[in-house]
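Asker: One structure, as structure tokens, below. Some questions next.
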Amino acid sequence: MTMDATLSTHLQELRRGTVVVASLTVLREPGYGYSLLETLSAAGFEVEANTLYPLLRRLEAQGLLTSSWNTDEARPRKFYRTTEQGDAIAAALRDEWTRLDKAVTDLDTPAGTVSGSDA
Amino acid sequence: MTTLIDRYVYTVLRRVPEQQRTDIDRELRTSIEDAVEARVSGGAPPDTALQQTLLELGDPDRLADGYADRKQYLIGPDLFPIWQRLLTMLLTVVLPIVVVIAVVIQVLDDPAVGPIIGAAVSSAITVGAHLAFWATLVVAVLERTGVTRSALRGGTRREWSLDDLPRYEPRAIALSELVAGVLWPVLLIAGLVLQQFTFTDVPVLNPDNWTFWWPYLIVVLTLEALYTVWLYRRGSWSRAVTAANAALAVLTTVPLVWLLAEEKFFNPAWVSTQDWGSTADPLSWLTGIVLVTAIVGALYDVIDVAVKTERARRGVHTPVPGTGAEYTNPI
């Protein structure tokens, strides 16, 4: 495996859960599939349509999102909204993200007491 | 005429559970149209915009698998070790036994080289394929019914604990050797008794010996089984073990050799009922084969135990099976 392939595997591992946090956070304001895709990619999340659309239905099945069809416009759209439970889970996930970010930062900038590497 | 969108959506819906189809149909179409619209307003020609959108959505089968949330593997990492162990056991233990039985049946039926090799190869392939298929099917079904490894291990939902670690303590014989050492005499005794009534019209072995020698053999074979249990519980080799083993070997082999040499072992009536082909003197052939087997087997057993005892006495390191590590077997 080349360096690039290795990196992209690890990046993929690292990003796996982030789309869930981002979606649950964005959808506190109701949104539909394509709008969410636009919002996420504008915010810097590399997410593809073919993973996002099935994910939304999965989160709905888990009770973290609710949905309703809006037929007021010319094109009927399925709007998703984060439930109370979804919001609580998103909050817990964001806390964990913050904790991990701090932990990684602490490891990366060792304080005086932390013993350095062998090199 | 079906449009490109229709073709794409229908292909996705084909692999999606029926009750979700209407909903996904509508939602997916809207999403595609939204994306196309965005590209068109960005200046792309409508045809190109549609093609690019669909290309970006990618393989419709994969999208459908995402919607259906189904497992895209036969056996997952949780059950894989169990499947692997099961398959290894079946192919290394069960398969050889079945092949040997098939060969023995073929030998009894028609002892020619061609058919024997044929029986071995065809039974190995057929039975091997069956074992692999059924083992895989069973584990794949378990995977899909949500059975976990811990449920399989304990019956109850028991987690792995330190008690599950093998002990790797120096033992004279392993549990498998204990089982074999008890099972073998039991099978021999069963064979000895059953051949009198079943298998063949007339008994294979001389019925006259039921007055003394066959009961005597049953007793000695029982002692062999008891010896194995004693050795297992004792846990180490010693000169007493060597002596007991050698004594048992003598008690078994000497009467056997004498019976064979005096031609009192096989039932003459049985020998005469068999079609031996062109073999001039079948009894002496049979006697010779059994005689050599009995003597070589007994000598090997006596020497094997003596060598193991001597190694243990000198504190020679004994490898722990499957680890590459060694332990000293104290006496």
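Ligands are numbered from 1 in the order shown, chains are lettered A, B, ... in the order of the structure tokens, and residues start at 1 in each chain.
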Could you list, as a PyMOL selection string, every residue of chain A that has an atom within 9 Å of an atom of chain B, counting only C-alpha atoms?
Answerer: chain A and resi 32-35+48-51+53-55+57-58+75-78
Asker: Grab the residues selected above and save them as a tab-separated table (two decimals), in the first residue's frame with all heavy atoms.
Answerer:
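Resulting contents of part_3.tsv:
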chain	number	residue	atom	x	y	z
A	32	TYR	N	-33.86	19.37	3.55
A	32	TYR	CA	-34.05	18.17	2.73
A	32	TYR	C	-32.70	17.71	2.22
A	32	TYR	O	-31.68	18.40	2.38
A	32	TYR	CB	-35.01	18.45	1.58
A	32	TYR	CG	-34.66	19.63	0.72
A	32	TYR	CD1	-33.89	19.49	-0.43
A	32	TYR	CD2	-35.09	20.92	1.08
A	32	TYR	CE1	-33.55	20.58	-1.20
A	32	TYR	CE2	-34.75	22.02	0.30
A	32	TYR	CZ	-33.98	21.84	-0.84
A	32	TYR	OH	-33.64	22.92	-1.60
A	33	GLY	N	-32.69	16.53	1.64
A	33	GLY	CA	-31.44	15.87	1.25
A	33	GLY	C	-30.44	16.75	0.55
A	33	GLY	O	-29.30	16.93	1.02
A	34	TYR	N	-30.86	17.34	-0.58
A	34	TYR	CA	-29.88	18.09	-1.37
A	34	TYR	C	-29.40	19.34	-0.63
A	34	TYR	O	-28.21	19.68	-0.69
A	34	TYR	CB	-30.46	18.46	-2.73
A	34	TYR	CG	-29.43	19.09	-3.63
A	34	TYR	CD1	-28.43	18.31	-4.20
A	34	TYR	CD2	-29.42	20.47	-3.85
A	34	TYR	CE1	-27.46	18.88	-4.99
A	34	TYR	CE2	-28.44	21.05	-4.65
A	34	TYR	CZ	-27.46	20.25	-5.22
A	34	TYR	OH	-26.49	20.80	-5.99
A	35	SER	N	-30.33	19.99	0.11
A	35	SER	CA	-29.91	21.21	0.83
A	35	SER	C	-28.86	20.87	1.88
A	35	SER	O	-27.89	21.60	2.08
A	35	SER	CB	-31.13	21.87	1.48
A	35	SER	OG	-31.56	21.11	2.59
A	48	GLU	N	-20.49	12.34	0.33
A	48	GLU	CA	-21.07	12.07	-0.98
A	48	GLU	C	-22.55	11.78	-0.86
A	48	GLU	O	-23.01	11.25	0.16
A	48	GLU	CB	-20.34	10.90	-1.64
A	48	GLU	CG	-18.98	11.32	-2.14
A	48	GLU	CD	-18.23	10.17	-2.78
A	48	GLU	OE1	-18.91	9.27	-3.33
A	48	GLU	OE2	-16.99	10.16	-2.72
A	49	ALA	N	-23.29	12.13	-1.92
A	49	ALA	CA	-24.74	11.96	-1.92
A	49	ALA	C	-25.13	10.52	-1.63
A	49	ALA	O	-26.05	10.25	-0.86
A	49	ALA	CB	-25.30	12.40	-3.27
A	50	ASN	N	-24.36	9.57	-2.21
A	50	ASN	CA	-24.79	8.18	-2.06
A	50	ASN	C	-24.53	7.61	-0.67
A	50	ASN	O	-24.98	6.52	-0.36
A	50	ASN	CB	-24.16	7.29	-3.14
A	50	ASN	CG	-22.65	7.40	-3.14
A	50	ASN	OD1	-22.06	7.93	-2.18
A	50	ASN	ND2	-22.03	6.91	-4.20
A	51	THR	N	-23.79	8.33	0.18
A	51	THR	CA	-23.72	7.89	1.57
A	51	THR	C	-24.67	8.71	2.43
A	51	THR	O	-25.21	8.21	3.41
A	51	THR	CB	-22.29	8.01	2.15
A	51	THR	OG1	-21.81	9.31	1.89
A	51	THR	CG2	-21.37	6.99	1.56
A	53	TYR	N	-27.73	10.18	1.66
A	53	TYR	CA	-29.16	9.89	1.55
A	53	TYR	C	-29.56	8.63	2.33
A	53	TYR	O	-30.52	8.66	3.10
A	53	TYR	CB	-29.59	9.79	0.07
A	53	TYR	CG	-29.41	11.10	-0.69
A	53	TYR	CD1	-29.32	11.14	-2.07
A	53	TYR	CD2	-29.33	12.31	0.00
A	53	TYR	CE1	-29.15	12.33	-2.77
A	53	TYR	CE2	-29.15	13.51	-0.68
A	53	TYR	CZ	-29.06	13.53	-2.06
A	53	TYR	OH	-28.89	14.70	-2.73
A	54	PRO	N	-28.85	7.53	2.16
A	54	PRO	CA	-29.19	6.37	3.00
A	54	PRO	C	-29.00	6.64	4.49
A	54	PRO	O	-29.77	6.16	5.31
A	54	PRO	CB	-28.22	5.28	2.53
A	54	PRO	CG	-27.87	5.66	1.14
A	54	PRO	CD	-27.83	7.15	1.14
A	55	LEU	N	-27.96	7.45	4.83
A	55	LEU	CA	-27.69	7.75	6.25
A	55	LEU	C	-28.89	8.46	6.89
A	55	LEU	O	-29.27	8.13	8.02
A	55	LEU	CB	-26.43	8.62	6.37
A	55	LEU	CG	-26.13	9.10	7.78
A	55	LEU	CD1	-25.62	7.95	8.63
A	55	LEU	CD2	-25.10	10.23	7.78
A	57	ARG	N	-32.02	8.23	6.17
A	57	ARG	CA	-33.11	7.29	6.44
A	57	ARG	C	-32.77	6.41	7.64
A	57	ARG	O	-33.64	6.04	8.43
A	57	ARG	CB	-33.37	6.41	5.22
A	57	ARG	CG	-33.74	7.20	3.99
A	57	ARG	CD	-34.11	6.29	2.86
A	57	ARG	NE	-35.41	5.67	3.10
A	57	ARG	CZ	-36.56	6.19	2.71
A	57	ARG	NH1	-36.59	7.35	2.08
A	57	ARG	NH2	-37.69	5.57	2.95
A	58	ARG	N	-31.47	6.07	7.78
A	58	ARG	CA	-31.07	5.26	8.93
A	58	ARG	C	-31.27	6.02	10.24
A	58	ARG	O	-31.76	5.47	11.22
A	58	ARG	CB	-29.60	4.83	8.78
A	58	ARG	CG	-29.49	3.37	8.52
A	58	ARG	CD	-28.12	2.74	8.64
A	58	ARG	NE	-26.96	3.50	8.27
A	58	ARG	CZ	-26.48	3.58	7.04
A	58	ARG	NH1	-27.08	2.94	6.05
A	58	ARG	NH2	-25.40	4.27	6.78
A	75	ARG	N	-41.84	21.03	-6.51
A	75	ARG	CA	-41.17	19.74	-6.34
A	75	ARG	C	-41.41	19.26	-4.91
A	75	ARG	O	-40.99	19.95	-3.97
A	75	ARG	CB	-39.68	19.95	-6.59
A	75	ARG	CG	-38.95	18.72	-7.02
A	75	ARG	CD	-37.55	19.09	-7.46
A	75	ARG	NE	-37.50	19.63	-8.82
A	75	ARG	CZ	-36.53	20.43	-9.25
A	75	ARG	NH1	-35.58	20.84	-8.43
A	75	ARG	NH2	-36.53	20.86	-10.48
A	76	PRO	N	-42.10	18.12	-4.71
A	76	PRO	CA	-42.32	17.66	-3.34
A	76	PRO	C	-41.00	17.25	-2.69
A	76	PRO	O	-40.20	16.53	-3.31
A	76	PRO	CB	-43.24	16.44	-3.52
A	76	PRO	CG	-43.02	16.00	-4.92
A	76	PRO	CD	-42.64	17.22	-5.71
A	77	ARG	N	-40.79	17.73	-1.47
A	77	ARG	CA	-39.50	17.43	-0.83
A	77	ARG	C	-39.73	16.80	0.53
A	77	ARG	O	-40.65	17.18	1.27
A	77	ARG	CB	-38.69	18.72	-0.66
A	77	ARG	CG	-38.19	19.28	-1.97
A	77	ARG	CD	-36.92	20.06	-1.75
A	77	ARG	NE	-36.35	20.46	-3.03
A	77	ARG	CZ	-36.62	21.62	-3.62
A	77	ARG	NH1	-37.43	22.47	-3.03
A	77	ARG	NH2	-36.07	21.92	-4.77
A	78	LYS	N	-38.85	15.89	0.87
A	78	LYS	CA	-38.91	15.27	2.19
A	78	LYS	C	-38.00	16.06	3.12
A	78	LYS	O	-36.79	16.09	2.92
A	78	LYS	CB	-38.46	13.81	2.10
A	78	LYS	CG	-38.81	13.00	3.34
A	78	LYS	CD	-38.34	11.57	3.20
A	78	LYS	CE	-38.81	10.73	4.37
A	78	LYS	NZ	-38.32	9.36	4.30
Asker: Taking 6 positions as the minimum chain separation for residues in the same chain, which residues sit within 9 Å of stretch 117-124 of chain B when counting only C-alpha atoms? Answer as number ranges by chain.
Answerer: B: 95-96, 98-100, 102-103, 106
Asker: Tell me, which residues of stretch 44-243 of chain B carry DSSP alpha helix (DSSP H), written as a ChimeraX atom specification?
Answerer: /B:46-57,60-68,80-89,95-109,113-144,149-154,175-197,213-234,239-243
Asker: Out of chain A, which residues get strand (DSSP E or B) from DSSP, as number ranges by chain?
Answerer: A: 31-32, 65-70, 77-82
Asker: Based on the selection just made, write N, CA and C atoms of those residues as a CSV table (one decimal), in the first residue's frame.
Answerer:
chain,number,residue,atom,x,y,z
A,31,GLY,N,-34.5,20.5,7.0
A,31,GLY,CA,-33.8,20.6,5.7
A,31,GLY,C,-34.1,19.3,4.9
A,32,TYR,N,-33.9,19.4,3.6
A,32,TYR,CA,-34.0,18.2,2.7
A,32,TYR,C,-32.7,17.7,2.2
A,65,LEU,N,-34.0,11.5,13.8
A,65,LEU,CA,-34.6,12.5,12.9
A,65,LEU,C,-36.1,12.1,12.7
A,66,THR,N,-36.9,13.2,12.4
A,66,THR,CA,-38.2,12.9,11.9
A,66,THR,C,-38.3,13.5,10.5
A,67,SER,N,-39.3,13.1,9.8
A,67,SER,CA,-39.4,13.6,8.4
A,67,SER,C,-40.9,13.9,8.1
A,68,SER,N,-41.1,14.9,7.1
A,68,SER,CA,-42.4,15.1,6.6
A,68,SER,C,-42.3,15.6,5.2
A,69,TRP,N,-43.3,15.3,4.4
A,69,TRP,CA,-43.3,15.7,3.0
A,69,TRP,C,-43.8,17.1,2.9
A,70,ASN,N,-43.1,17.9,2.2
A,70,ASN,CA,-43.6,19.3,1.9
A,70,ASN,C,-44.0,19.4,0.4
A,77,ARG,N,-40.8,17.7,-1.5
A,77,ARG,CA,-39.5,17.4,-0.8
A,77,ARG,C,-39.7,16.8,0.5
A,78,LYS,N,-38.8,15.9,0.9
A,78,LYS,CA,-38.9,15.3,2.2
A,78,LYS,C,-38.0,16.1,3.1
A,79,PHE,N,-38.6,16.7,4.1
A,79,PHE,CA,-37.8,17.5,5.1
A,79,PHE,C,-37.5,16.7,6.3
A,80,TYR,N,-36.3,16.7,6.7
A,80,TYR,CA,-35.9,16.1,7.9
A,80,TYR,C,-35.6,17.1,9.0
A,81,ARG,N,-35.9,16.7,10.3
A,81,ARG,CA,-35.6,17.5,11.4
A,81,ARG,C,-35.1,16.7,12.6
A,82,THR,N,-34.1,17.2,13.3
A,82,THR,CA,-33.6,16.5,14.4
A,82,THR,C,-34.6,16.4,15.6
Asker: Using only C-alpha atoms, determine which residues lie at most 9 Å from B:Gln51, disregarding the query and same-chain residues fewer than 5 positions distant; provide the list as an mmCIF file with C-alpha atoms, in the first residue's frame.
Answerer:
data_model
loop_
_atom_site.group_PDB
_atom_site.id
_atom_site.type_symbol
_atom_site.label_atom_id
_atom_site.label_comp_id
_atom_site.auth_asym_id
_atom_site.auth_seq_id
_atom_site.Cartn_x
_atom_site.Cartn_y
_atom_site.Cartn_z
ATOM 1 C CA LEU B 4 -32.008 8.256 -17.782
ATOM 2 C CA VAL B 36 -29.199 18.813 -11.852
ATOM 3 C CA PRO B 46 -28.919 19.940 -19.014
ATOM 4 C CA GLU B 56 -21.527 11.163 -8.873
#
Asker: Please provide as an MDAnalysis selection string all residues within 7 Å of stretch 171-177 of chain B, with the sequence filter that same-chain residues fewer than 4 positions apart are discarded (counting only C-alpha atoms).
Answerer: chainID B and resid 181 231:232 235:237
Asker: Between atom CA of B:Thr228 and atom CA of B:Ala240, what distance in Å does the model show, to one decimal?
Answerer: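 Atom CA of B:Thr228 sits 13.2 Å away from atom CA of B:Ala240.
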Asker: Find the residue from A:Ser23, A:Thr83, A:Thr18, A:Thr9 that sits nearest to A:Glu96; use only C-alpha atoms when measuring.
Answerer: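 Closest to A:Glu96 of all the choices is A:Thr18.
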